[in-house]
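A.B. asks: Next up, query16.cif (mmCIF, C-alpha atoms).
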data_target
#
loop_
_atom_site.group_PDB
_atom_site.id
_atom_site.type_symbol
_atom_site.label_atom_id
_atom_site.label_comp_id
_atom_site.auth_asym_id
_atom_site.auth_seq_id
_atom_site.Cartn_x
_atom_site.Cartn_y
_atom_site.Cartn_z
ATOM 1 C CA LYS G 1 -18.196 16.314 -15.545
ATOM 2 C CA ARG G 2 -14.884 16.118 -17.379
ATOM 3 C CA TRP G 3 -12.230 13.548 -16.486
ATOM 4 C CA PRO G 4 -9.480 13.992 -15.603
ATOM 5 C CA TRP G 5 -10.450 16.941 -13.479
ATOM 6 C CA PRO G 6 -8.798 20.293 -14.209
ATOM 7 C CA ARG G 7 -5.704 20.640 -12.070
ATOM 8 C CA ARG G 8 -7.030 23.776 -10.450
ATOM 9 C CA TYR G 9 -9.167 21.404 -8.363
ATOM 10 C CA HIS G 10 -6.104 19.515 -7.144
ATOM 11 C CA ALA G 11 -4.376 22.832 -6.459
ATOM 12 C CA ARG G 12 -7.302 24.015 -4.344
ATOM 13 C CA ALA G 13 -7.381 20.718 -2.435
ATOM 14 C CA LEU G 14 -3.663 20.986 -1.685
ATOM 15 C CA GLU G 15 -4.121 24.550 -0.460
ATOM 16 C CA GLN G 16 -6.795 23.331 1.954
ATOM 17 C CA LEU G 17 -4.524 20.518 3.112
ATOM 18 C CA ALA G 18 -1.475 22.755 3.566
ATOM 19 C CA ALA G 19 -3.518 25.067 5.783
ATOM 20 C CA ALA G 20 -4.591 22.077 7.914
ATOM 21 C CA GLN G 21 -0.928 21.140 8.566
ATOM 22 C CA PRO G 22 -0.998 17.369 7.989
ATOM 23 C CA LYS G 23 2.012 15.235 8.824
ATOM 24 C CA ARG G 24 2.410 13.870 5.303
ATOM 25 C CA VAL G 25 0.484 13.945 2.009
ATOM 26 C CA PHE G 26 0.713 11.371 -0.781
ATOM 27 C CA ILE G 27 -0.940 11.979 -4.166
ATOM 28 C CA ASP G 28 -1.560 8.880 -6.295
ATOM 29 C CA ILE G 29 -2.227 10.835 -9.499
ATOM 30 C CA ASP G 30 -0.187 10.916 -12.698
ATOM 31 C CA PHE G 31 1.154 14.455 -13.238
ATOM 32 C CA SER G 32 3.774 13.451 -15.828
ATOM 33 C CA SER G 33 2.210 15.361 -18.726
ATOM 34 C CA ARG G 34 1.455 19.042 -18.846
ATOM 35 C CA ALA G 35 -2.109 20.318 -19.095
ATOM 36 C CA ASP G 36 -3.533 23.832 -19.074
ATOM 37 C CA PRO G 37 -0.592 26.192 -18.304
ATOM 38 C CA THR G 38 -2.616 28.224 -15.803
ATOM 39 C CA ASP G 39 -3.772 25.122 -13.963
ATOM 40 C CA ASP G 40 -0.253 23.684 -13.934
ATOM 41 C CA ALA G 41 1.072 26.921 -12.439
ATOM 42 C CA LEU G 42 -1.622 26.854 -9.749
ATOM 43 C CA LEU G 43 -0.751 23.239 -8.925
ATOM 44 C CA ALA G 44 2.975 23.976 -8.679
ATOM 45 C CA ALA G 45 2.303 26.963 -6.415
ATOM 46 C CA ALA G 46 0.068 24.871 -4.151
ATOM 47 C CA MET G 47 2.764 22.198 -3.833
ATOM 48 C CA ARG G 48 5.299 24.805 -2.755
ATOM 49 C CA ARG G 49 3.172 25.457 0.336
ATOM 50 C CA PHE G 50 4.432 22.200 1.825
ATOM 51 C CA ALA G 51 7.681 21.722 3.713
ATOM 52 C CA PRO G 52 10.427 19.684 1.989
ATOM 53 C CA GLY G 53 9.584 16.002 2.199
ATOM 54 C CA GLN G 54 6.053 16.613 3.460
ATOM 55 C CA LEU G 55 4.539 15.991 0.028
ATOM 56 C CA ILE G 56 5.033 12.672 -1.790
ATOM 57 C CA LEU G 57 4.465 12.334 -5.538
ATOM 58 C CA PRO G 58 4.312 9.050 -7.465
ATOM 59 C CA ILE G 59 6.596 7.390 -9.964
ATOM 60 C CA PHE G 60 4.784 4.938 -12.245
ATOM 61 C CA MET G 61 6.233 2.007 -14.131
ATOM 62 C CA GLN G 62 4.406 1.035 -17.311
ATOM 63 C CA PRO G 63 5.107 -1.009 -20.465
ATOM 64 C CA SER G 64 6.985 0.866 -23.164
ATOM 65 C CA GLY G 65 4.821 -0.774 -25.818
ATOM 66 C CA GLY G 66 5.102 -3.710 -28.136
ATOM 67 C CA ALA G 67 6.354 -7.140 -27.136
ATOM 68 C CA SER G 68 9.793 -6.033 -25.956
ATOM 69 C CA GLY G 69 8.926 -6.499 -22.303
ATOM 70 C CA GLU G 70 10.625 -3.202 -21.491
ATOM 71 C CA TRP G 71 9.187 -0.760 -19.011
ATOM 72 C CA SER G 72 9.380 3.004 -18.811
ATOM 73 C CA ARG G 73 9.384 5.180 -15.734
ATOM 74 C CA THR G 74 6.894 8.040 -15.532
ATOM 75 C CA ARG G 75 7.436 10.878 -13.075
ATOM 76 C CA PRO G 76 5.863 14.312 -12.489
ATOM 77 C CA PHE G 77 7.071 17.137 -14.709
ATOM 78 C CA PRO G 78 9.997 19.084 -13.173
ATOM 79 C CA GLU G 79 8.148 22.152 -11.856
ATOM 80 C CA LEU G 80 6.260 19.945 -9.413
ATOM 81 C CA THR G 81 9.192 18.075 -7.897
ATOM 82 C CA SER G 82 11.324 20.862 -6.432
ATOM 83 C CA GLY G 83 10.217 20.304 -2.825
ATOM 84 C CA ALA G 84 8.420 16.973 -3.079
ATOM 85 C CA SER G 85 9.661 13.461 -2.437
ATOM 86 C CA LEU G 86 9.245 10.872 -5.184
ATOM 87 C CA ALA G 87 8.183 7.294 -4.524
ATOM 88 C CA SER G 88 7.290 4.281 -6.648
ATOM 89 C CA VAL G 89 3.695 3.057 -6.594
ATOM 90 C CA VAL G 90 4.586 -0.324 -8.155
ATOM 91 C CA PHE G 91 3.640 -3.575 -6.397
ATOM 92 C CA ASP G 92 4.983 -7.046 -7.089
ATOM 93 C CA GLN G 93 2.317 -9.606 -7.888
ATOM 94 C CA SER G 94 2.622 -13.092 -6.422
ATOM 95 C CA SER G 95 2.338 -16.187 -8.612
ATOM 96 C CA ASP G 96 -1.457 -16.214 -8.191
ATOM 97 C CA GLY G 97 -1.732 -12.586 -9.302
ATOM 98 C CA LEU G 98 -2.525 -11.184 -5.851
ATOM 99 C CA ILE G 99 -0.726 -8.347 -4.065
ATOM 100 C CA ARG G 100 0.791 -9.911 -0.958
ATOM 101 C CA THR G 101 3.965 -7.930 -0.294
ATOM 102 C CA ALA G 102 5.411 -4.447 -0.597
ATOM 103 C CA ARG G 103 9.005 -3.486 -1.245
ATOM 104 C CA TRP G 104 10.828 -0.946 0.855
ATOM 105 C CA MET G 105 12.762 0.350 -2.128
ATOM 106 C CA TRP G 106 12.934 0.029 -5.909
ATOM 107 C CA GLU G 107 16.003 0.497 -8.066
ATOM 108 C CA PHE G 108 15.695 2.290 -11.404
ATOM 109 C CA ASP G 109 18.797 2.723 -13.564
ATOM 110 C CA GLY G 110 21.001 2.052 -10.567
ATOM 111 C CA VAL G 111 19.281 4.684 -8.412
ATOM 112 C CA GLY G 112 17.302 3.626 -5.334
ATOM 113 C CA THR G 113 13.769 5.010 -5.015
ATOM 114 C CA PRO G 114 11.619 4.339 -1.931
ATOM 115 C CA SER G 115 8.300 2.658 -2.433
ATOM 116 C CA ALA G 116 5.214 4.768 -1.859
ATOM 117 C CA ALA G 117 4.263 2.597 1.117
ATOM 118 C CA ALA G 118 7.655 3.118 2.781
ATOM 119 C CA ALA G 119 7.589 6.858 2.094
ATOM 120 C CA ILE G 120 4.051 7.145 3.496
ATOM 121 C CA ALA G 121 5.082 5.190 6.587
ATOM 122 C CA GLY G 122 8.201 7.317 6.985
ATOM 123 C CA SER G 123 10.270 4.149 7.313
ATOM 124 C CA ALA G 124 12.434 3.967 4.196
ATOM 125 C CA ARG G 125 15.188 1.343 4.117
ATOM 126 C CA GLU G 126 18.236 1.172 1.909
ATOM 127 C CA SER G 127 17.304 -2.219 0.471
ATOM 128 C CA SER G 128 14.856 -3.849 -1.911
ATOM 129 C CA ALA G 129 13.613 -6.192 0.829
ATOM 130 C CA VAL G 130 9.915 -6.976 0.895
ATOM 131 C CA THR G 131 7.481 -7.122 3.775
ATOM 132 C CA PRO G 132 4.156 -8.970 3.814
ATOM 133 C CA ILE G 133 1.111 -6.715 3.827
ATOM 134 C CA ASP G 134 -0.944 -7.301 6.960
ATOM 135 C CA TYR G 135 -4.419 -7.901 5.560
ATOM 136 C CA SER G 136 -5.879 -8.342 9.030
ATOM 137 C CA ILE G 137 -6.028 -4.533 8.908
ATOM 138 C CA SER G 138 -9.466 -3.577 7.666
ATOM 139 C CA PRO G 139 -9.820 -0.958 4.908
ATOM 140 C CA ALA G 140 -12.777 0.344 6.941
ATOM 141 C CA SER G 141 -10.376 1.298 9.743
ATOM 142 C CA PHE G 142 -9.143 4.278 7.696
ATOM 143 C CA ASP G 143 -10.971 7.594 7.655
ATOM 144 C CA TYR G 144 -12.295 8.565 4.232
ATOM 145 C CA VAL G 145 -12.909 12.151 3.134
ATOM 146 C CA SER G 146 -14.747 13.135 -0.025
ATOM 147 C CA PHE G 147 -12.672 15.195 -2.438
ATOM 148 C CA VAL G 148 -15.697 17.424 -3.002
ATOM 149 C CA ASP G 149 -16.063 18.070 0.732
ATOM 150 C CA LEU G 150 -12.386 18.983 0.932
ATOM 151 C CA LEU G 151 -12.731 21.434 -1.955
ATOM 152 C CA ALA G 152 -15.849 22.988 -0.445
ATOM 153 C CA GLY G 153 -14.210 23.498 2.935
ATOM 154 C CA ARG G 154 -16.595 21.117 4.690
ATOM 155 C CA VAL G 155 -13.729 19.208 6.341
ATOM 156 C CA GLU G 156 -12.547 20.516 9.688
ATOM 157 C CA PRO G 157 -8.802 21.340 9.577
ATOM 158 C CA SER G 158 -8.421 19.740 12.999
ATOM 159 C CA ASP G 159 -9.492 16.399 11.481
ATOM 160 C CA LEU G 160 -6.458 16.516 9.170
ATOM 161 C CA ARG G 161 -3.864 18.188 11.383
ATOM 162 C CA GLY G 162 -0.935 15.869 12.086
ATOM 163 C CA ARG G 163 -2.483 13.080 9.998
ATOM 164 C CA THR G 164 -1.131 11.202 7.001
ATOM 165 C CA VAL G 165 -3.356 11.974 4.003
ATOM 166 C CA LEU G 166 -3.543 9.888 0.828
ATOM 167 C CA ILE G 167 -5.261 11.266 -2.262
ATOM 168 C CA GLY G 168 -6.392 8.820 -4.913
ATOM 169 C CA ALA G 169 -9.243 7.323 -6.871
ATOM 170 C CA THR G 170 -11.604 4.895 -5.151
ATOM 171 C CA ALA G 171 -14.356 4.658 -7.802
ATOM 172 C CA LEU G 172 -14.530 1.273 -9.502
ATOM 173 C CA GLU G 173 -15.080 2.922 -12.889
ATOM 174 C CA LEU G 174 -11.645 4.558 -12.840
ATOM 175 C CA GLY G 175 -9.958 1.172 -13.050
ATOM 176 C CA ASP G 176 -7.318 1.657 -10.345
ATOM 177 C CA MET G 177 -8.186 -1.614 -8.594
ATOM 178 C CA LEU G 178 -5.776 -4.240 -7.260
ATOM 179 C CA PRO G 179 -6.489 -7.879 -6.259
ATOM 180 C CA THR G 180 -5.784 -8.733 -2.624
ATOM 181 C CA PRO G 181 -5.948 -12.121 -0.850
ATOM 182 C CA VAL G 182 -8.397 -11.076 1.898
ATOM 183 C CA HIS G 183 -10.332 -7.979 0.869
ATOM 184 C CA ALA G 184 -10.846 -8.923 -2.806
ATOM 185 C CA MET G 185 -10.449 -6.017 -5.256
ATOM 186 C CA GLN G 186 -9.383 -2.786 -3.568
ATOM 187 C CA PRO G 187 -8.481 0.667 -4.905
ATOM 188 C CA GLY G 188 -4.742 1.112 -5.353
ATOM 189 C CA ILE G 189 -4.701 3.966 -2.842
ATOM 190 C CA VAL G 190 -6.246 1.670 -0.188
ATOM 191 C CA VAL G 191 -3.634 -1.036 -0.830
ATOM 192 C CA GLN G 192 -0.938 1.638 -0.442
ATOM 193 C CA ALA G 193 -2.495 2.577 2.913
ATOM 194 C CA LEU G 194 -2.586 -1.070 4.027
ATOM 195 C CA ALA G 195 1.053 -1.562 3.013
ATOM 196 C CA ALA G 196 2.164 1.648 4.740
ATOM 197 C CA GLN G 197 0.322 0.737 7.937
ATOM 198 C CA SER G 198 1.888 -2.731 7.842
ATOM 199 C CA MET G 199 5.348 -1.153 7.651
ATOM 200 C CA ARG G 200 4.566 1.453 10.275
ATOM 201 C CA GLU G 201 3.066 -0.792 12.943
ATOM 202 C CA ARG G 202 5.149 -3.954 13.020
ATOM 203 C CA PRO G 203 6.375 -5.476 9.788
ATOM 204 C CA LEU G 204 5.386 -9.122 9.500
ATOM 205 C CA ARG G 205 8.217 -11.615 9.114
ATOM 206 C CA LEU G 206 8.043 -14.525 6.709
ATOM 207 C CA LEU G 207 9.216 -17.884 8.023
ATOM 208 C CA PRO G 208 12.026 -19.429 5.946
ATOM 209 C CA GLU G 209 10.847 -21.922 3.362
ATOM 210 C CA TRP G 210 12.952 -24.738 4.807
ATOM 211 C CA LEU G 211 11.116 -24.399 8.123
ATOM 212 C CA ASN G 212 7.762 -24.811 6.394
ATOM 213 C CA TYR G 213 8.960 -28.035 4.764
ATOM 214 C CA LEU G 214 10.382 -29.285 8.072
ATOM 215 C CA VAL G 215 7.112 -28.696 9.916
ATOM 216 C CA LEU G 216 5.129 -30.338 7.102
ATOM 217 C CA THR G 217 7.425 -33.392 7.211
ATOM 218 C CA LEU G 218 7.092 -33.696 11.002
ATOM 219 C CA ILE G 219 3.297 -33.436 10.796
ATOM 220 C CA ALA G 220 3.102 -36.063 8.027
ATOM 221 C CA THR G 221 5.423 -38.453 9.885
ATOM 222 C CA SER G 222 3.548 -38.057 13.162
ATOM 223 C CA ALA G 223 0.215 -38.575 11.420
ATOM 224 C CA ALA G 224 1.430 -41.766 9.705
ATOM 225 C CA LEU G 225 2.702 -43.257 12.967
ATOM 226 C CA THR G 226 -0.387 -42.244 14.946
ATOM 227 C CA PHE G 227 -3.095 -43.164 12.435
ATOM 228 C CA SER G 228 -1.682 -46.661 11.847
ATOM 229 C CA ARG G 229 -2.149 -47.588 15.505
ATOM 230 C CA ASN G 230 -5.616 -46.254 16.268
ATOM 231 C CA GLY G 231 -9.165 -46.481 15.011
ATOM 232 C CA TRP G 232 -10.923 -43.690 13.178
ATOM 233 C CA ARG G 233 -12.570 -42.272 16.315
ATOM 234 C CA ALA G 234 -9.266 -41.869 18.132
ATOM 235 C CA ASN G 235 -7.677 -40.456 14.971
ATOM 236 C CA LEU G 236 -10.493 -37.901 14.668
ATOM 237 C CA ILE G 237 -9.814 -36.724 18.220
ATOM 238 C CA VAL G 238 -6.079 -36.499 17.479
ATOM 239 C CA VAL G 239 -6.716 -34.439 14.318
ATOM 240 C CA SER G 240 -9.073 -32.089 16.178
ATOM 241 C CA LEU G 241 -6.580 -31.529 19.001
ATOM 242 C CA ALA G 242 -3.693 -31.030 16.570
ATOM 243 C CA ALA G 243 -5.639 -28.547 14.471
ATOM 244 C CA THR G 244 -6.637 -26.604 17.592
ATOM 245 C CA ARG G 245 -3.049 -26.543 18.810
ATOM 246 C CA LEU G 246 -1.747 -25.325 15.438
ATOM 247 C CA ALA G 247 -4.384 -22.587 15.363
ATOM 248 C CA LEU G 248 -3.397 -21.416 18.862
ATOM 249 C CA ILE G 249 0.290 -21.416 17.881
ATOM 250 C CA ASP G 250 -0.525 -19.347 14.787
ATOM 251 C CA LEU G 251 -2.489 -16.840 16.874
ATOM 252 C CA TYR G 252 0.351 -16.570 19.402
ATOM 253 C CA LEU G 253 2.975 -16.041 16.709
ATOM 254 C CA TYR G 254 0.873 -13.351 15.014
ATOM 255 C CA ALA G 255 -0.144 -11.541 18.203
ATOM 256 C CA GLY G 256 3.161 -11.772 20.051
ATOM 257 C CA ARG G 257 5.809 -12.231 17.376
ATOM 258 C CA PRO G 258 4.453 -11.039 14.043
#
Show the structure stored in the file as structure tokens.
C.D. replies:
Amino acid sequence: KRWPWPRRYHARALEQLAAAQPKRVFIDIDFSSRADPTDDALLAAAMRRFAPGQLILPIFMQPSGGASGEWSRTRPFPELTSGASLASVVFDQSSDGLIRTARWMWEFDGVGTPSAAAAIAGSARESSAVTPIDYSISPASFDYVSFVDLLAGRVEPSDLRGRTVLIGATALELGDMLPTPVHAMQPGIVVQALAAQSMRERPLRLLPEWLNYLVLTLIATSAALTFSRNGWRANLIVVSLAATRLALIDLYLYAGRP
């Protein structure tokens, strides 16, 4: 088989999806360069089957080349964007290289562009604020459909009607893998789904850094005062009770006040 696939395949898949009437469709595929003119025309026609804003296409950020540190923005060629929304698929990496947060919006050349996660969730905000990705959500909780089954018409339209559909590569060999703190390496399209679901359900709130330092100082001070007065057995009981209490507080804050 040839890779990338001819765009007539993507056109046929979009025709199947449009007929199923999904709520929203996001395609994590680079359509910035033109290919076979006939295939490109078929793809553009298939995209016009969707209502304005129903289809989301990606904007990629990639190095311009050399050691300049500059980045270029890559977007679908114009014939594809007439009725589609555009969203950035970029994620910020934390200091340890893992993907922990997602932005609501990116700014390119002074123009705000929603992130793919926010566009998928339907919850765009006019700010570049970030939200933590809730990795307690399992990637296995999403429904997965084979692209081949979609092309062959083996997917019931009722299974897609009113759903949010994300199209992207999940094969390890295609290289679109991102490091996450809980689920190890995951396909980029799955991380987008996790980020979108985090925004859609109940965005997690980060505690201010000063509060973390205050709690750490109180714990250290209490431990110093307590441990200096008791033997190791009593201290072990105190540590066990304190750890249990902190765990219960964490569970309450996550379950009740995320």
A.B. asks: Go through G:Asn235, G:Gln93, G:Ser141, G:Gln54 and flag the residue nearest Arg24 (chain G), using only C-alpha atoms for the distances.
C.D. replies: G:Gln54
A.B. asks: Which residue out of G:Arg7, G:Lys23, G:Arg75, G:Arg154 has the minimum interatomic distance to Asp39 (chain G) when only C-alpha atoms are used?
C.D. replies: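 Looking at the shortest contact to Asp39 (chain G), the residue is G:Arg7.
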A.B. asks: Neighbouring residues of Glu156 (chain G) were defined as those with any atom within 12 Å, considering all atoms listed in the file; residues of the same chain fewer than 5 positions away were excluded. Please report them as a ChimeraX atom specification.
C.D. replies: /G:16-17,19-21,145,149-151,161
A.B. asks: Hey, which of G:Asp159, G:Asp176, G:Glu79, G:Asp250 ends up closest to Ala44 (chain G)? Count all atoms listed in the file.
C.D. replies: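 Distance minimum relative to Ala44 (chain G) lands on G:Glu79.
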A.B. asks: In Å, with one decimal, what is the gap from CA of Ser136 (chain G) to CA of Ile167 (chain G)?
C.D. replies: 22.6 Å
A.B. asks: Taking 4 positions as the minimum chain separation for residues in the same chain, which residues sit within 8 Å of Ile59 (chain G) when counting only C-alpha atoms? Answer as an MDAnalysis selection string.
C.D. replies: chainID G and resid 73:76 86:89
A.B. asks: Could you list, as an MDAnalysis selection string, every residue matched by the PyMOL selection byres ((chain G and resi 5) around 12) in this structure?
C.D. replies: chainID G and resid 1:4 6:12 29:31 35:36 39 147:148 169
A.B. asks: So the first atom is CA of Met47 (chain G) and the second is CA of Ala84 (chain G); what is the distance between them in Å, to one decimal place?
C.D. replies: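 It comes out at 7.7 Å.
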A.B. asks: For a test of reading the model, state the distance in Å between CA of Leu160 (chain G) and CA of Ile133 (chain G), rounded to one decimal.
C.D. replies: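 Here the two named atoms are 25.0 Å from each other.
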A.B. asks: Name all residues at most 10 Å from Arg48 (chain G) (count all atoms listed in the file; drop same-chain ones fewer than 3 positions away) and give them as a count of residues only.
C.D. replies: 15
